[in-house]
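Engineer: Sharing structure03.cif, mmCIF, C-alpha atoms:
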```
data_entry
loop_
_atom_site.label_atom_id
_atom_site.label_comp_id
_atom_site.auth_asym_id
_atom_site.auth_seq_id
_atom_site.Cartn_x
_atom_site.Cartn_y
_atom_site.Cartn_z
CA MET C 1 15.99 3.66 109.69
CA GLY C 2 16.85 0.84 112.14
CA THR C 3 14.33 -1.26 114.04
CA LYS C 4 14.60 -2.99 117.36
CA PRO C 5 14.68 -6.76 117.51
CA GLU C 6 11.24 -8.34 117.48
CA THR C 7 11.94 -11.74 119.03
CA SER C 8 10.92 -12.66 122.57
CA SER C 9 11.30 -15.75 124.69
CA ILE C 10 8.71 -17.60 126.84
CA ALA C 11 10.10 -15.83 129.90
CA SER C 12 9.50 -12.44 128.31
CA VAL C 13 5.98 -13.48 127.38
CA SER C 14 5.37 -14.52 130.99
CA ALA C 15 6.82 -11.27 132.26
CA VAL C 16 4.46 -9.32 130.05
CA LEU C 17 1.53 -11.36 131.28
CA ASP C 18 2.50 -10.84 134.93
CA SER C 19 2.61 -7.10 134.41
CA ARG C 20 -0.96 -7.03 133.23
CA ASP C 21 -4.01 -6.46 135.44
CA GLY C 22 -3.50 -8.25 138.79
CA ASP C 23 -7.08 -9.45 138.80
CA ARG C 24 -6.38 -11.83 135.90
CA ASN C 25 -5.64 -15.48 136.59
CA THR C 26 -3.35 -17.68 134.56
CA GLU C 27 -6.22 -18.26 132.16
CA PHE C 28 -7.14 -14.99 130.55
CA GLU C 29 -10.70 -13.90 130.10
CA PRO C 30 -11.49 -14.24 126.42
CA ARG C 31 -12.42 -11.06 124.55
CA LEU C 32 -14.15 -11.31 121.25
CA PHE C 33 -14.09 -7.57 120.49
CA PRO C 34 -11.91 -4.77 121.87
CA THR C 35 -13.59 -2.06 123.90
CA SER C 36 -14.15 1.10 121.90
CA THR C 37 -16.48 4.04 121.71
CA SER C 38 -18.12 2.68 118.58
CA THR C 39 -18.59 -0.91 119.76
CA PRO C 40 -19.54 -1.54 123.42
CA ALA C 41 -17.68 -4.36 125.17
CA ARG C 42 -19.60 -7.48 125.92
CA GLY C 43 -19.84 -8.14 129.71
CA GLY C 44 -19.17 -11.38 131.49
CA CYS C 45 -17.45 -14.56 130.43
CA ARG C 46 -18.71 -17.07 127.95
CA ASP C 47 -18.65 -20.79 128.42
CA ARG C 48 -15.61 -22.36 126.80
CA ASP C 49 -17.74 -24.33 124.37
CA GLU C 50 -19.60 -21.24 123.11
CA ALA C 51 -18.45 -20.38 119.58
CA PRO C 52 -17.47 -16.81 118.76
CA SER C 53 -20.12 -14.86 116.88
CA VAL C 54 -17.79 -13.80 114.05
CA ARG C 55 -15.22 -16.14 112.54
CA ALA C 56 -13.42 -16.27 109.25
CA ALA C 57 -13.80 -19.71 107.73
CA SER C 58 -10.71 -19.21 105.66
CA ASP C 59 -8.60 -18.53 108.77
CA THR C 60 -9.58 -21.69 110.66
CA GLU C 61 -6.27 -23.42 109.98
CA SER C 62 -4.24 -20.43 111.14
CA GLY C 63 -6.19 -20.21 114.42
CA ILE C 64 -7.59 -16.71 114.07
CA PHE C 65 -10.93 -15.03 113.66
CA SER C 66 -11.60 -12.17 111.31
CA GLY C 67 -13.64 -9.18 112.31
CA GLU C 68 -13.07 -6.10 114.36
CA SER C 69 -11.05 -8.21 116.82
CA GLU C 70 -9.10 -11.41 116.42
CA VAL C 71 -9.32 -14.19 119.00
CA CYS C 72 -7.37 -17.44 119.25
CA VAL C 73 -9.45 -20.45 118.23
CA ASP C 74 -7.66 -22.78 120.63
CA HIS C 75 -7.55 -20.59 123.74
CA GLU C 76 -10.16 -17.89 122.99
CA LEU C 77 -7.65 -15.22 123.97
CA GLU C 78 -6.77 -12.05 122.20
CA LEU C 79 -4.22 -12.49 119.42
CA ASP C 80 -1.81 -9.90 120.73
CA TRP C 81 1.41 -11.78 119.87
CA PHE C 82 3.07 -12.64 116.56
CA CYS C 83 5.00 -15.82 115.73
CA LEU C 84 8.01 -14.96 113.58
CA SER C 85 8.71 -18.60 112.79
CA GLU C 86 5.28 -19.28 111.27
CA GLN C 87 4.43 -15.68 110.39
CA LYS C 88 0.99 -15.65 112.07
CA LEU C 89 -0.90 -14.02 114.91
CA ILE C 90 -1.06 -15.98 118.18
CA CYS C 91 -2.19 -15.53 121.77
CA SER C 92 0.05 -15.69 124.81
CA HIS C 93 -0.90 -19.31 125.55
CA CYS C 94 0.08 -20.33 122.02
CA ALA C 95 3.56 -18.96 122.76
CA ILE C 96 3.86 -20.62 126.18
CA VAL C 97 2.09 -23.96 125.95
CA GLY C 98 0.56 -23.99 122.48
CA SER C 99 1.66 -24.81 118.93
CA CYS C 100 4.22 -21.99 118.84
CA ARG C 101 6.03 -22.98 122.00
CA GLY C 102 9.76 -22.43 121.55
CA HIS C 103 9.27 -20.32 118.43
CA ALA C 104 10.59 -16.81 118.02
CA VAL C 105 7.69 -14.53 119.01
CA THR C 106 7.13 -10.84 119.61
CA GLN C 107 4.35 -8.61 120.81
CA LEU C 108 1.87 -7.52 118.19
CA THR C 109 2.58 -3.85 118.87
CA THR C 110 6.28 -4.45 118.40
CA ARG C 111 5.63 -6.38 115.21
CA VAL C 112 3.35 -3.66 113.87
CA ALA C 113 5.94 -1.02 114.75
CA ALA C 114 8.63 -3.02 112.95
CA VAL C 115 6.46 -3.41 109.87
CA ARG C 116 5.65 0.28 109.91
CA ASN C 117 9.34 1.11 110.22
CA GLN C 118 10.05 -1.25 107.33
CA LEU C 119 7.42 0.46 105.22
CA VAL C 120 8.84 3.85 106.12
CA ASP C 121 12.32 2.67 105.14
CA MET C 122 10.96 1.29 101.88
CA CYS C 123 9.12 4.51 101.11
CA GLU C 124 12.29 6.47 101.78
CA LYS C 125 14.29 4.18 99.52
CA ILE C 126 11.66 4.46 96.78
CA GLN C 127 11.68 8.21 97.14
CA LEU C 128 15.47 8.32 96.90
CA GLN C 129 15.38 5.97 93.92
CA ALA C 130 12.75 8.17 92.26
CA GLN C 131 14.95 11.20 92.89
CA ARG C 132 17.94 9.44 91.33
CA ILE C 133 15.87 8.43 88.30
CA GLU C 134 14.48 11.93 87.94
CA ARG C 135 17.97 13.39 88.26
CA PHE C 136 19.25 10.86 85.68
CA VAL C 137 16.47 11.73 83.25
CA ASN C 138 16.62 15.49 83.73
CA GLN C 139 20.39 15.86 83.96
CA THR C 140 22.32 12.87 82.63
CA LEU C 141 20.03 11.96 79.73
CA ALA C 142 19.54 15.61 78.84
CA ALA C 143 23.31 16.09 78.78
CA LYS C 144 23.71 12.91 76.76
CA GLU C 145 21.16 14.15 74.27
CA GLN C 146 23.04 17.39 73.82
CA ALA C 147 26.35 15.55 73.59
CA LEU C 148 24.82 13.16 71.06
CA GLN C 149 24.22 15.96 68.59
CA THR C 150 27.77 17.23 69.01
CA ASP C 151 29.37 13.80 68.82
CA ALA C 152 27.29 12.73 65.82
CA SER C 153 28.14 15.93 64.01
CA ARG C 154 31.83 15.47 64.79
CA ALA C 155 31.71 11.82 63.68
CA ARG C 156 30.09 12.79 60.40
CA GLU C 157 32.69 15.48 59.82
CA GLN C 158 35.53 13.06 60.54
CA MET C 159 34.04 10.39 58.30
CA LEU C 160 33.46 12.84 55.47
CA ALA C 161 36.97 14.21 55.90
CA GLN C 162 38.45 10.71 55.72
CA VAL C 163 36.33 9.76 52.72
CA SER C 164 37.27 13.04 51.05
CA ARG C 165 40.95 12.38 51.70
CA VAL C 166 40.65 8.84 50.36
CA ARG C 167 38.74 10.13 47.34
CA GLU C 168 41.43 12.73 46.68
CA ALA C 169 44.16 10.12 47.04
CA LEU C 170 42.30 7.78 44.68
CA GLU C 171 41.76 10.53 42.15
CA GLU C 172 45.43 11.47 42.31
CA GLU C 173 46.42 7.82 42.00
CA GLU C 174 43.99 7.34 39.13
CA GLN C 175 45.43 10.31 37.30
CA ARG C 176 48.98 9.13 37.91
CA LEU C 177 48.23 5.62 36.70
CA LEU C 178 46.39 6.88 33.62
CA GLU C 179 49.39 9.01 32.75
CA GLU C 180 51.71 6.06 33.33
CA VAL C 181 49.62 3.84 31.09
CA GLN C 182 49.46 6.61 28.48
CA ARG C 183 53.24 7.05 28.51
CA GLU C 184 53.79 3.30 28.29
CA GLU C 185 51.29 3.06 25.44
CA GLU C 186 53.03 5.86 23.58
CA ARG C 187 56.40 4.22 24.13
CA VAL C 188 55.19 0.91 22.74
CA GLU C 189 53.49 2.65 19.80
CA GLU C 190 56.73 4.48 19.04
CA CYS C 191 58.65 1.21 19.18
CA LEU C 192 56.10 -0.42 16.90
CA LEU C 193 56.29 2.46 14.42
CA THR C 194 60.08 2.31 14.47
CA GLN C 195 60.00 -1.42 13.90
CA LYS C 196 57.49 -1.05 11.08
CA SER C 197 59.59 1.64 9.40
CA HIS C 198 62.78 -0.35 9.82
CA TRP C 199 61.40 -3.59 8.49
CA SER C 200 59.51 -1.85 5.72
CA GLN C 201 62.82 -0.38 4.55
CA ALA C 202 64.43 -3.78 4.99
CA LEU C 203 61.74 -5.35 2.82
CA SER C 204 62.28 -2.71 0.16
CA ASN C 205 66.04 -3.33 0.21
CA LEU C 206 65.55 -7.07 0.01
CA ALA C 207 63.15 -6.67 -2.89
CA GLN C 208 65.67 -4.53 -4.80
CA THR C 209 68.49 -6.94 -4.05
CA ARG C 210 66.37 -9.86 -5.18
CA LEU C 211 65.46 -8.05 -8.43
CA ARG C 212 69.13 -7.38 -9.14
CA LEU C 213 70.03 -10.96 -8.48
CA VAL C 214 67.19 -12.19 -10.68
CA HIS C 215 68.25 -9.79 -13.43
CA THR C 216 71.82 -10.99 -13.16
CA LEU C 217 70.60 -14.58 -13.28
CA THR C 218 68.39 -14.06 -16.35
CA HIS C 219 70.22 -11.43 -18.40
CA THR C 220 73.91 -11.97 -17.79
CA PRO C 221 75.77 -14.08 -20.35
CA ASP C 222 77.48 -17.16 -19.07
CA ILE C 223 80.99 -15.75 -19.57
CA GLN C 224 80.13 -12.61 -17.56
CA LEU C 225 78.15 -14.62 -15.01
CA ALA C 226 81.19 -16.77 -14.36
CA THR C 227 83.21 -13.67 -13.45
CA ALA C 228 80.38 -11.91 -11.45
CA GLY C 229 81.13 -13.72 -8.24
CA GLN C 230 82.24 -10.60 -6.39
CA GLU C 231 79.09 -8.69 -7.30
CA ILE C 232 76.88 -11.63 -6.36
CA THR C 233 78.66 -12.01 -3.02
CA GLU C 234 78.10 -8.35 -2.23
CA ARG C 235 74.40 -8.65 -3.01
CA VAL C 236 74.08 -11.75 -0.81
CA GLU C 237 75.91 -10.08 2.05
CA GLU C 238 73.66 -7.08 1.66
CA ALA C 239 70.58 -9.30 1.96
CA GLU C 240 71.94 -11.25 4.87
CA GLY C 241 72.84 -8.02 6.62
CA VAL C 242 69.21 -7.14 6.94
CA GLY C 243 68.83 -9.90 9.53
CA ASP C 244 65.72 -11.66 10.81
CA PRO C 245 63.08 -9.93 12.94
CA CYS C 246 62.68 -11.06 16.54
CA ASP C 247 60.11 -10.36 19.19
CA SER C 248 61.05 -8.20 22.18
CA VAL C 249 59.51 -7.34 25.54
CA LYS C 250 59.92 -3.71 24.53
CA LEU C 251 57.15 -4.27 22.03
CA ASN C 252 54.71 -5.21 24.82
CA LEU C 253 52.94 -2.99 27.30
CA ASN C 254 54.59 -3.22 30.71
CA THR C 255 51.67 -4.14 32.97
CA ALA C 256 53.59 -2.81 35.96
CA CYS C 257 52.63 0.67 34.79
CA SER C 258 49.16 0.12 36.24
CA ASP C 259 50.38 -1.43 39.48
CA SER C 260 49.52 0.56 42.60
CA LYS C 261 50.17 -0.38 46.21
CA LEU C 262 47.36 1.94 47.25
CA LEU C 263 44.78 0.33 44.97
CA ARG C 264 46.04 -3.14 45.75
CA GLY C 265 45.76 -2.47 49.48
CA LEU C 266 42.22 -1.09 49.16
CA TRP C 267 41.20 -3.97 46.93
CA ALA C 268 42.71 -6.51 49.33
CA SER C 269 40.99 -4.87 52.29
CA ALA C 270 37.63 -4.98 50.52
CA VAL C 271 38.07 -8.69 49.79
CA LEU C 272 39.54 -9.65 53.15
CA LEU C 273 36.92 -7.83 55.17
CA GLY C 274 34.19 -9.78 53.41
CA PRO C 275 32.63 -13.08 54.49
CA ALA C 276 34.90 -15.13 52.20
CA ALA C 277 38.14 -14.03 53.87
CA TYR C 278 38.59 -17.39 55.61
CA GLY C 279 38.00 -19.41 52.48
CA PRO C 280 35.52 -22.17 51.69
CA ALA C 281 34.47 -24.57 54.43
CA ASP C 282 35.61 -27.55 52.36
CA LEU C 283 39.21 -26.32 52.19
CA LYS C 284 41.30 -28.84 54.12
CA PHE C 285 44.63 -30.60 53.78
CA ASP C 286 44.76 -33.39 51.23
CA GLU C 287 45.47 -36.58 53.16
CA ARG C 288 47.21 -38.11 50.16
CA THR C 289 49.90 -35.41 50.16
CA VAL C 290 50.77 -35.45 53.89
CA SER C 291 54.46 -36.09 54.52
CA PRO C 292 55.42 -38.94 56.91
CA LEU C 293 56.96 -36.19 59.06
CA LEU C 294 53.52 -34.68 59.66
CA ARG C 295 50.43 -35.92 61.49
CA LEU C 296 47.02 -34.86 60.13
CA SER C 297 44.17 -34.15 62.54
CA GLU C 298 40.83 -35.94 62.25
CA ASP C 299 39.12 -32.85 60.85
CA GLY C 300 41.81 -32.53 58.19
CA CYS C 301 42.64 -28.92 59.11
CA THR C 302 45.74 -29.26 61.34
CA VAL C 303 49.15 -30.75 60.64
CA THR C 304 51.65 -31.39 63.44
CA PHE C 305 55.38 -31.89 62.94
CA LEU C 306 56.81 -35.22 64.13
CA PRO C 307 60.44 -34.79 65.26
CA LYS C 308 61.04 -38.48 64.66
CA LYS C 309 59.94 -40.26 61.54
CA PRO C 310 57.45 -43.01 62.43
CA HIS C 311 58.72 -46.59 62.21
CA GLN C 312 55.86 -47.58 59.93
CA SER C 313 55.68 -45.43 56.83
CA PRO C 314 52.28 -44.70 55.27
CA ALA C 315 51.21 -46.52 52.17
CA TYR C 316 52.90 -45.37 48.98
CA ASP C 317 51.06 -42.69 47.11
CA PRO C 318 52.46 -40.75 44.14
CA ALA C 319 50.88 -37.57 45.54
CA ARG C 320 52.63 -37.86 48.93
CA PHE C 321 55.77 -35.89 49.85
CA ASP C 322 58.21 -38.49 51.13
CA VAL C 323 61.11 -36.34 52.38
CA TRP C 324 60.17 -32.72 53.00
CA PRO C 325 57.49 -31.94 55.67
CA ASN C 326 55.00 -30.61 53.14
CA VAL C 327 51.26 -30.87 52.64
CA LEU C 328 48.91 -29.44 50.01
CA GLY C 329 45.34 -28.21 50.10
CA SER C 330 42.42 -30.28 48.89
CA VAL C 331 40.89 -27.64 46.60
CA ALA C 332 42.37 -26.70 43.23
CA MET C 333 42.17 -23.03 42.23
CA PRO C 334 42.27 -22.64 38.44
CA SER C 335 40.49 -19.27 38.32
CA GLY C 336 38.63 -16.66 40.36
CA THR C 337 39.57 -15.07 43.66
CA HIS C 338 40.50 -17.18 46.69
CA SER C 339 41.60 -16.48 50.25
CA TRP C 340 42.29 -18.54 53.34
CA VAL C 341 43.86 -18.09 56.78
CA MET C 342 46.44 -20.23 58.56
CA ASP C 343 46.90 -20.29 62.33
CA VAL C 344 50.68 -20.43 62.84
CA ALA C 345 50.88 -19.15 66.41
CA GLN C 346 52.25 -22.48 67.68
CA SER C 347 54.96 -22.88 65.04
CA GLY C 348 58.39 -21.32 64.85
CA ALA C 349 59.24 -22.81 61.45
CA TYR C 350 56.69 -22.93 58.64
CA LYS C 351 55.95 -22.06 55.02
CA VAL C 352 52.59 -20.89 53.70
CA GLY C 353 51.67 -20.22 50.09
CA VAL C 354 50.67 -21.87 46.81
CA CYS C 355 52.13 -24.25 44.26
CA TYR C 356 51.21 -25.92 40.99
CA GLN C 357 49.63 -29.34 41.23
CA SER C 358 52.46 -30.57 39.02
CA MET C 359 55.10 -29.87 41.67
CA GLU C 360 57.39 -32.82 42.40
CA ARG C 361 56.61 -34.90 45.49
CA LYS C 362 59.46 -37.38 45.83
CA GLY C 363 63.08 -37.12 46.89
CA PRO C 364 65.25 -34.60 48.75
CA GLY C 365 65.84 -32.36 45.75
CA ASN C 366 64.68 -28.77 45.39
CA GLY C 367 61.94 -29.87 43.01
CA ALA C 368 59.94 -31.14 45.99
CA ARG C 369 61.00 -28.34 48.35
CA LEU C 370 58.55 -25.43 48.70
CA GLY C 371 60.04 -22.14 47.57
CA TYR C 372 63.06 -23.70 45.89
CA ASN C 373 61.57 -24.27 42.43
CA ASN C 374 59.55 -22.51 39.74
CA HIS C 375 56.35 -24.27 40.83
CA SER C 376 55.90 -22.80 44.33
CA TRP C 377 55.53 -19.40 45.99
CA VAL C 378 55.63 -19.28 49.79
CA LEU C 379 56.07 -16.99 52.76
CA SER C 380 58.67 -18.58 55.02
CA HIS C 381 59.29 -18.15 58.75
CA TYR C 382 62.40 -19.76 60.15
CA ASP C 383 64.72 -18.92 63.04
CA GLY C 384 62.82 -15.68 63.68
CA ASP C 385 63.22 -14.35 60.12
CA PHE C 386 60.54 -13.88 57.48
CA SER C 387 61.12 -14.12 53.73
CA PHE C 388 59.34 -14.71 50.45
CA CYS C 389 60.69 -17.71 48.58
CA HIS C 390 60.41 -18.67 44.92
CA ALA C 391 62.76 -20.53 42.59
CA GLY C 392 65.40 -20.74 45.32
CA LYS C 393 65.51 -16.98 45.79
CA HIS C 394 64.76 -15.51 49.22
CA GLN C 395 63.48 -11.97 49.61
CA ALA C 396 63.78 -10.82 53.23
CA LEU C 397 60.61 -9.29 54.67
CA ARG C 398 60.45 -6.68 57.40
CA VAL C 399 57.81 -7.84 59.86
CA VAL C 400 57.25 -5.69 62.94
CA ARG C 401 55.72 -8.46 65.02
CA SER C 402 55.42 -12.17 64.43
CA PRO C 403 51.87 -12.82 63.19
CA ARG C 404 49.74 -15.43 64.92
CA LYS C 405 47.78 -15.86 61.69
CA VAL C 406 48.83 -15.59 58.05
CA GLY C 407 46.29 -14.99 55.32
CA VAL C 408 46.78 -15.77 51.64
CA LEU C 409 44.89 -14.02 48.85
CA LEU C 410 45.06 -15.30 45.28
CA ASP C 411 43.40 -13.35 42.49
CA TRP C 412 43.57 -14.89 39.05
CA PRO C 413 42.13 -11.93 37.07
CA SER C 414 44.97 -9.67 38.23
CA HIS C 415 47.52 -12.50 38.68
CA THR C 416 48.08 -11.29 42.22
CA LEU C 417 49.31 -13.30 45.18
CA LEU C 418 49.18 -11.51 48.52
CA PHE C 419 50.19 -12.48 52.06
CA TYR C 420 48.66 -10.54 54.94
CA GLU C 421 48.03 -10.53 58.68
CA PRO C 422 44.27 -10.87 59.32
CA ASP C 423 44.30 -9.32 62.80
CA SER C 424 45.81 -6.02 61.65
CA GLY C 425 45.15 -6.10 57.91
CA VAL C 426 48.87 -5.46 57.25
CA VAL C 427 50.11 -6.72 53.88
CA LEU C 428 53.23 -8.80 54.49
CA HIS C 429 54.12 -9.28 50.84
CA SER C 430 52.47 -9.18 47.42
CA LEU C 431 53.48 -10.00 43.88
CA ILE C 432 52.09 -10.15 40.36
CA HIS C 433 52.94 -13.28 38.40
CA PRO C 434 51.50 -14.76 35.19
CA PHE C 435 50.35 -18.06 36.71
CA ASN C 436 49.56 -20.54 33.96
CA ALA C 437 48.24 -23.65 35.71
CA PRO C 438 45.84 -24.51 38.56
CA LEU C 439 47.22 -23.72 42.01
CA VAL C 440 46.66 -25.35 45.39
CA ALA C 441 47.34 -24.16 48.93
CA ALA C 442 50.76 -25.31 50.15
CA CYS C 443 52.19 -25.60 53.65
CA ALA C 444 55.32 -26.89 55.33
CA VAL C 445 55.76 -27.29 59.09
CA ALA C 446 59.04 -28.04 60.88
CA ASP C 447 57.96 -27.01 64.38
CA ARG C 448 54.77 -27.86 66.26
CA SER C 449 51.61 -27.31 64.20
CA ALA C 450 49.66 -25.17 61.73
CA THR C 451 45.91 -25.03 61.16
CA ILE C 452 43.56 -23.94 58.38
CA LEU C 453 40.96 -21.65 59.98
CA HIS C 454 37.32 -21.35 58.92
#
```
In structure tokens, write the structure found in this file.

Structural biologist:
Amino acid sequence: MGTKPETSSIASVSAVLDSRDGDRNTEFEPRLFPTSTSTPARGGCRDRDEAPSVRAASDTESGIFSGESEVCVDHELELDWFCLSEQKLICSHCAIVGSCRGHAVTQLTTRVAAVRNQLVDMCEKIQLQAQRIERFVNQTLAAKEQALQTDASRAREQMLAQVSRVREALEEEEQRLLEEVQREEERVEECLLTQKSHWSQALSNLAQTRLRLVHTLTHTPDIQLATAGQEITERVEEAEGVGDPCDSVKLNLNTACSDSKLLRGLWASAVLLGPAAYGPADLKFDERTVSPLLRLSEDGCTVTFLPKKPHQSPAYDPARFDVWPNVLGSVAMPSGTHSWVMDVAQSGAYKVGVCYQSMERKGPGNGARLGYNNHSWVLSHYDGDFSFCHAGKHQALRVVRSPRKVGVLLDWPSHTLLFYEPDSGVVLHSLIHPFNAPLVAACAVADRSATILH
């Protein structure tokens, strides 16, 4: 609901005064109380120095009296105007020649009407707001409550269905792996039994041959012994024909029989979703190993490739790579389970993985080149292609999108090394290898930078 403007000028105040009772002079007759049926009006004028009978001490500064009627302290006129600038009641003289001269003023009736209209508008707004709240509570929240039961029930069903499917898949995988292990065990047992039978027979044959040779040696006369060369040669050839036993991988259980991509993926997810996915806080790059082609950040977590080798080489250190742009981690990993994440979003050429602490550091040979020797295992990204590198062999990897981060998971108990993308949880590559010495994180950068994340 709109309201009319309240402000008035001095001219409008004067016009209102002129329209009043013609008997009044410029100075209005002061009225302490309005005329009403309950309170008779006082007759006659008071002297200017006579104080009003009822005043509010607290309103002295604002220039008003309190009581049934309000009168200006300065001019002893009825406070029938309102100063918008100072937000107080005033008389007409206050607006024309008094303290509120030049202020925005309005008639008291207009001000009261505006306030009443404002209160009406506010009441209407409150009523509309109350209606909206009531409608929200009775309709929206009620509907949400009903939908909650349906959605929660559906969510439980979906979760139980997924868990049931995973449980079924795990049970099937468990049964398959148990059967695989059983078949492999039976195969090895059969090989062992065959070997035992063969070598038992060989031992028996050797024992008989040895007895015959001993009998020939001890019971054959010299003349006959001199002519028994052919018989002795046959016995010796028979003994030598038995051969020597040798170990074989066929006599060992093939641990690949218990390998499962499903179990490995679930195991990796359980580890990588935990708080230790980003590795220990003290995992940084070892300053001693930083190649002259790399610059190490102050926090020790970022290495940046330098296209040009600096004029002043760093001090000699046997642990430093002097040719290839390599750097190793500061924490050795001789046992347990370890994981860390590398930010490689800025680099178009890098290697991330692990290596033995005994890896060569000097020279341009493959011994100091990550992925080109038997001491390092790395995931390589170069010229847009991804590959797994070890001992100079490159296994191409199919990567749907170039990862901004590469995670590495090393598990000593299962001898598993796994590369993954932390953002999606996708396993980029995994392998099982019988590591036999402490490993350290390894990295090579030939474009921009790479960072260990925590």

Engineer: Considering all atoms listed in the file, can you say which of C:Val400, C:Leu193, C:Cys91, C:Ala147 comes closest to C:Leu108?

Structural biologist: C:Cys91

Engineer: Counting all atoms listed in the file, which residue out of C:Thr150, C:Ser339, C:Gln107, C:Ser85 sits closest to C:Pro422?

Structural biologist: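 Selected residue with least distance to C:Pro422: C:Ser339.
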
Engineer: Using only C-alpha atoms, which residue out of C:Ile90, C:Met359, C:Leu217, C:Val163 lies closest to C:Glu231?

Structural biologist: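 Closest residue, counting only C-alpha atoms: C:Leu217.
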
Engineer: To one decimal in Å, tell me the separation between atom CA of C:Val440 and atom CA of C:Leu262.

Structural biologist: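 Straight-line distance from atom CA of C:Val440 to atom CA of C:Leu262 works out to 27.4 Å.
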
Engineer: I'd like to see the residues matched by the PyMOL selection byres ((chain C and resi 381-389) around 12) on this file, and ideally I'd get them as a VMD selection string.

Structural biologist: chain C and resid 344 to 345 347 to 355 369 to 380 390 to 404 406 417 to 419 428 to 431 443 to 447

Engineer: Once you have the residues from the selection above, write them out as a short mmCIF file (atom, residue, chain, number, x, y, z; two decimals), in the frame of the given file, restricted to C-alpha atoms.

Structural biologist:
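Output (part-v4.cif):
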```
data_model
loop_
_atom_site.label_atom_id
_atom_site.label_comp_id
_atom_site.auth_asym_id
_atom_site.auth_seq_id
_atom_site.Cartn_x
_atom_site.Cartn_y
_atom_site.Cartn_z
CA VAL C 344 50.68 -20.43 62.84
CA ALA C 345 50.88 -19.15 66.41
CA SER C 347 54.96 -22.88 65.04
CA GLY C 348 58.39 -21.32 64.85
CA ALA C 349 59.24 -22.81 61.45
CA TYR C 350 56.69 -22.93 58.64
CA LYS C 351 55.95 -22.06 55.02
CA VAL C 352 52.59 -20.89 53.70
CA GLY C 353 51.67 -20.22 50.09
CA VAL C 354 50.67 -21.87 46.81
CA CYS C 355 52.13 -24.25 44.26
CA ARG C 369 61.00 -28.34 48.35
CA LEU C 370 58.55 -25.43 48.70
CA GLY C 371 60.04 -22.14 47.57
CA TYR C 372 63.06 -23.70 45.89
CA ASN C 373 61.57 -24.27 42.43
CA ASN C 374 59.55 -22.51 39.74
CA HIS C 375 56.35 -24.27 40.83
CA SER C 376 55.90 -22.80 44.33
CA TRP C 377 55.53 -19.40 45.99
CA VAL C 378 55.63 -19.28 49.79
CA LEU C 379 56.07 -16.99 52.76
CA SER C 380 58.67 -18.58 55.02
CA HIS C 390 60.41 -18.67 44.92
CA ALA C 391 62.76 -20.53 42.59
CA GLY C 392 65.40 -20.74 45.32
CA LYS C 393 65.51 -16.98 45.79
CA HIS C 394 64.76 -15.51 49.22
CA GLN C 395 63.48 -11.97 49.61
CA ALA C 396 63.78 -10.82 53.23
CA LEU C 397 60.61 -9.29 54.67
CA ARG C 398 60.45 -6.68 57.40
CA VAL C 399 57.81 -7.84 59.86
CA VAL C 400 57.25 -5.69 62.94
CA ARG C 401 55.72 -8.46 65.02
CA SER C 402 55.42 -12.17 64.43
CA PRO C 403 51.87 -12.82 63.19
CA ARG C 404 49.74 -15.43 64.92
CA VAL C 406 48.83 -15.59 58.05
CA LEU C 417 49.31 -13.30 45.18
CA LEU C 418 49.18 -11.51 48.52
CA PHE C 419 50.19 -12.48 52.06
CA LEU C 428 53.23 -8.80 54.49
CA HIS C 429 54.12 -9.28 50.84
CA SER C 430 52.47 -9.18 47.42
CA LEU C 431 53.48 -10.00 43.88
CA CYS C 443 52.19 -25.60 53.65
CA ALA C 444 55.32 -26.89 55.33
CA VAL C 445 55.76 -27.29 59.09
CA ALA C 446 59.04 -28.04 60.88
CA ASP C 447 57.96 -27.01 64.38
#
```

Engineer: Please rebuild stretch 86-93 of chain C with N, CA and C atoms and give the result as a short mmCIF file (atom, residue, chain, number, x, y, z; two decimals), keeping the file's coordinate frame.

Structural biologist:
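Below is the file out-v9.cif, written as the result:
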```cif
data_model
loop_
_atom_site.label_atom_id
_atom_site.label_comp_id
_atom_site.auth_asym_id
_atom_site.auth_seq_id
_atom_site.Cartn_x
_atom_site.Cartn_y
_atom_site.Cartn_z
N GLU C 86 6.35 -18.88 112.17
CA GLU C 86 5.28 -19.28 111.27
C GLU C 86 4.56 -18.10 110.64
N GLN C 87 4.99 -16.89 110.99
CA GLN C 87 4.43 -15.68 110.39
C GLN C 87 2.91 -15.64 110.54
N LYS C 88 2.43 -15.74 111.82
CA LYS C 88 0.99 -15.65 112.07
C LYS C 88 0.74 -15.06 113.45
N LEU C 89 -0.50 -14.57 113.63
CA LEU C 89 -0.90 -14.02 114.91
C LEU C 89 -1.21 -15.15 115.89
N ILE C 90 -0.82 -14.97 117.14
CA ILE C 90 -1.06 -15.98 118.18
C ILE C 90 -1.42 -15.27 119.48
N CYS C 91 -1.93 -16.08 120.44
CA CYS C 91 -2.19 -15.53 121.77
C CYS C 91 -1.01 -15.88 122.68
N SER C 92 -1.05 -15.45 123.89
CA SER C 92 0.05 -15.69 124.81
C SER C 92 0.18 -17.17 125.14
N HIS C 93 -0.97 -17.90 125.24
CA HIS C 93 -0.90 -19.31 125.55
C HIS C 93 -0.29 -20.11 124.39
#
```
